[in-house]
Amino acid sequence: MRKTGLQGLLAAAVIQAIVSTAPATAQQAAPTSVINVATIGEPPTLDPATTTSDVVSIITQHVFETLYTFTARWEVAPLLAAAMPTLSEDGKLYTIPLRTGVKFHNGKTMSADDVVASLKRWMEVSARGKLAAPVVESVTASGDTVAIRLRQPFAPLLPLLAMNNGAAVIVPFEIATAGSPIKEFIGTGPYRLIEHRPDQYIRLGRFDGYVSPKGTPDGYAGERKALVDELRFAPVPNANTRVSGMLSGQFQFADSLPSETISQFENSREVKPLVAGPSWPFVIINNTKSKLTGNPLVRQAMLAALGAEDLLTAAFGNPKFFDVDGSIYSAGTIYHDSTTPGYNKPDPKKAAELLKRAGYKGETLRLITSQQFDFMYKMAVVAKQQLEDAGFKVELLVMDWASVVRQREDPNAWESFTSYNTFVPEPSLLTFVNPAYAGWWDTPEKAAALDAFNREMDPAKRAELWKVVQRLLYEQASTLIVGQFRNLAAISAKLDGYQPMPWSAFWNVSIK
Amino acid sequence: MAARLASRLLGMLAVMAFVVTLTFVIVRVVPGDPAAAMLGNEATAEQIAALRARLGLDRPLLVQFAAFLADLARGDLGQSIFLDRPVLVAIGERAELTLALTGLAIALAALIGIPLGILAAVGQGRGRAQVLPTLAMVAASLPSFWIGLTLIKYLAVDLRWFPVSGYGPPEAGFLERLHYLILPATALAIPNSALILRFTRLSMLEVLQDDYIRTAHAKGLPSRTVVLRHALCNALTPIITVLGLTVATLIGGAIVTETVFGLPGIGNLVTSAVVRRDYPVIQGALLVISGVYVVLNILIDVIYMLVDPRIRA
Amino acid sequence: MTGPPASRLALALVVRRVAGRPLLLIAAVVLVAIVAIALCAPLLDLPSPTRLAISRRLRPPSAEHLFGTDEFGRDVLSRTIYGARTSLLVGLLVVAAATVAGTAIGLLAGCIRRLDALLMRFTDALMAFPDILLAIALMASLGPSLFNVVIALTIVYTPRVARIVRGATLVLRELPFVEAAQSFGASPLRIAVKHLLPNVLAPILVQATFLFAYTVLTEAALSFLGAGVPPTTPTWGNMIAAAQQYMHQAGWLILAPGLAIVVTAVSLQLLGDGLRDLLDPRMRQHF
């Protein structure tokens, strides 16, 4: 009698646990083929227009599609559009033909009105769309085409429309006009959303009514086939747990793994490592509004103090994951430029000399970093020592990323912060050349160089104009390029047909 | 007894009033904000300010506190900013896992701790009497995440006896879910079983010195009967207390364990809410957890009163 | 206990009892050794715990680096020894602050009936949050720094001390010598300081030892969750948190700081247990 109290309590808890799991078991038959993907965390939203977060892009690109997309060589190619647009003589009118018969997940057929409403939403809510909005005069539908009229020629337009983050996704008219972020996740992609349990999983199922573009698969372009019943994305924020989960076979794909775990995968027959390109620029962004780093000589002294090789080795360990290359764009892209004066030539004496000329009196340089991006933190620890060896007084502020984002908006709160830019096919999308972005690099020379670059339509001439921007970046040392880096991903040997791209896609992927 | 219970309940209300205020104060001093956390790396100041305004974070603190109290009075813990659903729903979705995890862990801890505690008490004066409590102390001194990571490395990755993380696929049945919970529950149970062992040993030692036990021994009753029937029954009251206390430390431990094993329980909800600056969720979870703790303590009191006639009097 | 013979007798008693407890003795010796090594760290010709040497990173244990080198090429043993200074300092400061604050609150509650209910409900409210949870929430509010870890953990542990002191005070208050002092018109403050405080010192001391052990462990858990002392400062918790990343390829990294934590926590708890037995008034009555 006496003991029943606690026992009863425990029994009730156990029964509760059984009862609440039981119905879920009864109603769901196991799908026959499933790819389990470990993601770096829970996506903040499933609306790819409203965020530039990578994890959102990776998941939602299976559900939503854009008018254009990229090939493996980062050329723009049609996706929901039937072909490349026709451009008027003055470069101000884009006429985009649409594919016909494309079905949304709710069974509706995509129309030009859906496209216009979606593009208008994009220009209002997307960080990418907002870049285009001031230049766009009108977006109109007629039959199976959409016309975009510009106020002035704007070369980045097509790459912006093709990006899969801050993406110009096409959704039904009713959803596009019902407010953002969208609440119903109806797209045209090869997979549709089945269920989202935050912090547990996102289930995408094959969309039987999918109408694919034609052509050999090439990057994100070409034919897309949903070859498995379900894709499951599980948020696993701890990088070690992702590694363990891959090694034990619980997941078939995971990315953003600690680079030094590569040996674990190289020794495994069931899991293969993937060093995914293209590389991303790893940077230290300087605050041009700060009293200390507002002085270009001080920023030059920083450049002279830093030795990229040690910074990159500390951050990534294995040289497979980085290039000691000070170009903003990595080798192999048309924007690569090996003219990087002062990069990776650590010279504490020269740095000290520059500091003296700048009238430096031991003011503290506050360097912000975050352990949420482990490689940033490790790089910052070494950067601190290198700067101190040159005579700087450095305070390393380590905070979580939410605080970094908040703090960097205050020009009086910091001198430098560590960051990286995900690969963007269009240079004008780089955060650190945007004068509104923290760091506020906005000199007349730079504004002129960037404007000339944005107006030029000819790719070869654009590459030349970009070199001017990079030269200014080095002269003014507004942002210090640390190097180029690549991510470690791992894939189960059982998966077939995977094409390495920076935002991993699983259409055309099957299980052996 | 009714009067005693009534005064306990009144005290509980006072405690909860403090809890509510503390929760709001602690959470709102947090720097950084959900707007910044949600918008990602490329957000501009203007976008962040707009989202802050939409979420009502630009209002004065006192106004926010009043709104918080008014919602609370209606039983509304607010809306999660990040998860886009009511906080109560978010907590409800994860309660099952945390309940199952802590339930399993306390069962394991009791299963290990109580018998070993008795063994240590009975063997007092012999060599092993020193060994068991010392071992228990070592177990209680191991950082719980270290235990978890070690279990993962050997039992899940190398031997593949258990899954590494998570709570199983959506179609998983009861047994499969249990399979996912065994390692985390073990990691959680080890330090707590040490606590239970220590306490069981101490209570048993005290009881074993009592006169009537000596009498029972003198009467020639087999020592197993004496220990199990007479001594254990009397040592039970303090053991129940320590089990109650263990539940509290278990909830704390579950926060670390759920992080190590990627379990989407309440602990995980809170730690990720801190990173996401999801104030309503941090507040709600703090309130629910402390509320459960306070109610549990009252329950233990009641059980105590029922079990121990001396207190009832 | 008055006069020299009695105290000499007591001393002899203590020595005899300590001698009868090898574990207590070992624990005390180990703790003294840990503190001594930590204090003398600069005198022991150790490699620099902070100087980075990227070319020497992640070396396994060798004669040159007994516990290997970490991801920045720093000597793990040296960092563990210097880490002890911070970890023990955090523990010491938290224990000191929580003991002083907790004793004050406990005595106040025990002596002044009107304050008792209010203070105890407040400590109840603080104790209703699990340790780690409260510490994380506080750290998120205060921001990461060594000083803030001390503040957060002090807030977490003060209520425990307060409860124990209050409990002991309530018992003492009913004892004849306190009632006698009251009847002579001694002020409550004087009674608290002169008569109650000396008599609650023993349980406080025992509790402080355990608190020290919990603090070391909680500091480690906070670091693991990324809410502890800034990672640039070597503490045992930070070292373990950093080492867990290299679990698969450099398992030795966790050894030195892990052992340091476990040995320290075990020794402190053994010491606490021993002290409790030594100072337990009921046992003293037997003599």
# chains A, B, ... in the order shown; residues from 1 in each chain; ligands from 1
>>> residues_around(residues="stretch 184-196 of chain B", least_positions_apart="5", cutoff="8 Å", atoms="only C-alpha atoms", output="ChimeraX atom specification")
/B:101-102,104-106,108-110,112-114,117,133,136-137,139-142,144-145,147-148,151,239,242-243,246,249-250,253-254,257-258,261
>>> residues_around(residues="A:Phe417", least_positions_apart="5", cutoff="7 Å", atoms="only C-alpha atoms", output="PDB file with C-alpha atoms, in the first residue's frame")
ATOM      1  CA  ILE A 284      38.267  39.197 -41.625  1.00  0.00           C
ATOM      2  CA  ILE A 285      35.975  42.175 -42.109  1.00  0.00           C
ATOM      3  CA  ASN A 286      37.232  45.502 -40.759  1.00  0.00           C
ATOM      4  CA  LEU A 367      38.085  41.060 -32.867  1.00  0.00           C
ATOM      5  CA  ILE A 368      34.688  39.339 -32.803  1.00  0.00           C
ATOM      6  CA  THR A 369      34.321  35.649 -33.565  1.00  0.00           C
TER       7      THR A 369
END
>>> residues_around(residues="A:Val424", least_positions_apart="6", cutoff="9 Å", atoms="only C-alpha atoms", output="MDAnalysis selection string")
chainID A and resid 159 163 280 430
>>> write_last_selection(atoms="N, CA and C atoms", output="PDB file, in the first residue's frame")
ATOM      1  N   PRO A 159      21.650  35.956 -62.563  1.00  0.00           N
ATOM      2  CA  PRO A 159      22.187  35.200 -61.429  1.00  0.00           C
ATOM      3  C   PRO A 159      21.332  35.352 -60.171  1.00  0.00           C
ATOM      4  N   MET A 163      19.649  32.184 -58.006  1.00  0.00           N
ATOM      5  CA  MET A 163      20.165  31.784 -56.686  1.00  0.00           C
ATOM      6  C   MET A 163      19.143  30.924 -55.952  1.00  0.00           C
ATOM      7  N   TRP A 280      34.998  28.735 -50.822  1.00  0.00           N
ATOM      8  CA  TRP A 280      34.377  29.950 -50.309  1.00  0.00           C
ATOM      9  C   TRP A 280      35.451  30.869 -49.749  1.00  0.00           C
ATOM     10  N   LEU A 430      28.503  39.418 -53.039  1.00  0.00           N
ATOM     11  CA  LEU A 430      29.370  39.251 -51.877  1.00  0.00           C
ATOM     12  C   LEU A 430      28.989  40.272 -50.813  1.00  0.00           C
TER      13      LEU A 430
END
>>> interface_residues(of="chain B", to="chain C", cutoff="7 Å", atoms="only C-alpha atoms", output="PyMOL selection string")
chain B and resi 11+14-16+18-19+26-27+29-31+137-138+141-143+248-249+251-252+290+293-294
>>> atom_distance(atom1="atom CA of A:Phe154", atom2="atom CA of A:Gln61")
25.5 Å
>>> residues_around(residues="B:Gly265", least_positions_apart="4", cutoff="7 Å", atoms="only C-alpha atoms", output="ChimeraX atom specification")
/B:94-95,97-98,258,269
>>> write_last_selection(atoms="C-alpha atoms", output="PDB file, in the first residue's frame")
ATOM      1  CA  ARG B  94       8.804  17.101 -26.543  1.00  0.00           C
ATOM      2  CA  ALA B  95       7.438  16.174 -23.131  1.00  0.00           C
ATOM      3  CA  LEU B  97      10.676  12.079 -24.895  1.00  0.00           C
ATOM      4  CA  THR B  98      11.981  13.813 -21.785  1.00  0.00           C
ATOM      5  CA  GLU B 258      19.805  15.511 -24.892  1.00  0.00           C
ATOM      6  CA  LEU B 269      14.377  22.811 -26.679  1.00  0.00           C
TER       7      LEU B 269
END
>>> select_by_dssp(residues="stretch 94-296 of chain A", states="strand (DSSP E or B)", output="ChimeraX atom specification")
/A:94-98,103,109,136-142,145-150,169,191-197,201-206,218,221,230-235,253-257,271-286
>>> atom_distance(atom1="atom CA of C:Pro230", atom2="atom CA of B:Phe24")
25.5 Å
>>> closest_atom_pairs(of="chain C", to="chain A", cutoff="10 Å", atoms="only C-alpha atoms", output="tab-separated table")
residue	atom	partner	partner_atom	distance
C:Thr50	CA	A:Gln385	CA	9.6
C:Arg51	CA	A:Gln385	CA	8.1
C:Leu52	CA	A:Val382	CA	7.2
C:Ala53	CA	A:Asp310	CA	8.9
C:Ile54	CA	A:Asp310	CA	6.3
C:Ser55	CA	A:Asp310	CA	8.2
C:Arg57	CA	A:Ala314	CA	8.4
C:Leu58	CA	A:Gly317	CA	9.6
C:Glu71	CA	A:Ala314	CA	7.2
C:Phe72	CA	A:Ala314	CA	6.4
C:Gly73	CA	A:Ala314	CA	9.2
C:Ala140	CA	A:Asp400	CA	9.5
C:Gly143	CA	A:Met399	CA	8.0
C:Pro144	CA	A:Met399	CA	7.3
C:Ser145	CA	A:Val398	CA	9.6
C:Gly226	CA	A:Gln371	CA	8.0
C:Ala227	CA	A:Asp400	CA	9.2
C:Pro230	CA	A:Val398	CA	6.6
C:Pro231	CA	A:Val398	CA	7.6
C:Thr232	CA	A:Val381	CA	7.6
C:Ala242	CA	A:Asp374	CA	9.9
C:Gln244	CA	A:Asn240	CA	7.9
C:Gln245	CA	A:Asn240	CA	6.2
C:Tyr246	CA	A:Thr261	CA	7.9
C:Met247	CA	A:Asn240	CA	8.1
C:His248	CA	A:Thr261	CA	7.1
C:Gln249	CA	A:Thr261	CA	6.7
C:Ala250	CA	A:Glu260	CA	9.8
>>> write_last_selection(atoms="C-alpha atoms", output="mmCIF file, in the first residue's frame")
data_model
loop_
_atom_site.group_PDB
_atom_site.id
_atom_site.type_symbol
_atom_site.label_atom_id
_atom_site.label_comp_id
_atom_site.auth_asym_id
_atom_site.auth_seq_id
_atom_site.Cartn_x
_atom_site.Cartn_y
_atom_site.Cartn_z
ATOM 1 C CA THR C 50 49.216 29.819 -24.492
ATOM 2 C CA ARG C 51 51.923 30.225 -27.145
ATOM 3 C CA LEU C 52 50.640 28.724 -30.412
ATOM 4 C CA ALA C 53 52.802 26.500 -32.582
ATOM 5 C CA ILE C 54 50.701 25.457 -35.543
ATOM 6 C CA SER C 55 53.384 23.152 -36.951
ATOM 7 C CA ARG C 57 49.518 20.529 -33.595
ATOM 8 C CA LEU C 58 47.798 17.318 -32.446
ATOM 9 C CA GLU C 71 44.841 21.654 -31.952
ATOM 10 C CA PHE C 72 47.010 24.778 -31.666
ATOM 11 C CA GLY C 73 50.180 22.859 -30.852
ATOM 12 C CA ALA C 140 23.115 33.977 -21.708
ATOM 13 C CA GLY C 143 27.538 37.298 -21.407
ATOM 14 C CA PRO C 144 30.598 35.062 -21.433
ATOM 15 C CA SER C 145 33.375 35.952 -19.003
ATOM 16 C CA GLY C 226 29.327 26.668 -24.953
ATOM 17 C CA ALA C 227 28.074 28.839 -22.100
ATOM 18 C CA PRO C 230 35.427 32.217 -22.739
ATOM 19 C CA PRO C 231 37.172 29.432 -24.652
ATOM 20 C CA THR C 232 40.417 31.410 -24.912
ATOM 21 C CA ALA C 242 37.608 21.472 -27.165
ATOM 22 C CA GLN C 244 35.521 16.301 -27.617
ATOM 23 C CA GLN C 245 35.775 17.565 -31.200
ATOM 24 C CA TYR C 246 38.837 15.431 -31.713
ATOM 25 C CA MET C 247 37.337 12.363 -30.030
ATOM 26 C CA HIS C 248 37.777 10.258 -33.156
ATOM 27 C CA GLN C 249 41.288 11.285 -34.188
ATOM 28 C CA ALA C 250 43.029 12.544 -31.035
#
>>> closest_residue(among="A:Ser53, A:Asn344, A:Ser330, A:Asn487", to="chain B", atoms="only C-alpha atoms")
A:Ser53
>>> closest_residue(among="B:Arg85, B:Leu119, B:Phe68, B:Ala285", to="B:Leu197", atoms="only C-alpha atoms")
B:Leu119
>>> select_by_dssp(residues="stretch 113-292 of chain B", states="helix (DSSP H, G or I)", output="ChimeraX atom specification")
/B:113-122,127-140,144-158,174-208,211-218,223-260,266-276,279-292
>>> residues_around(residues="C:Ala181", least_positions_apart="4", cutoff="10 Å", atoms="only C-alpha atoms", output="PyMOL selection string")
chain C and resi 176-177+185-188+190-191+194-195
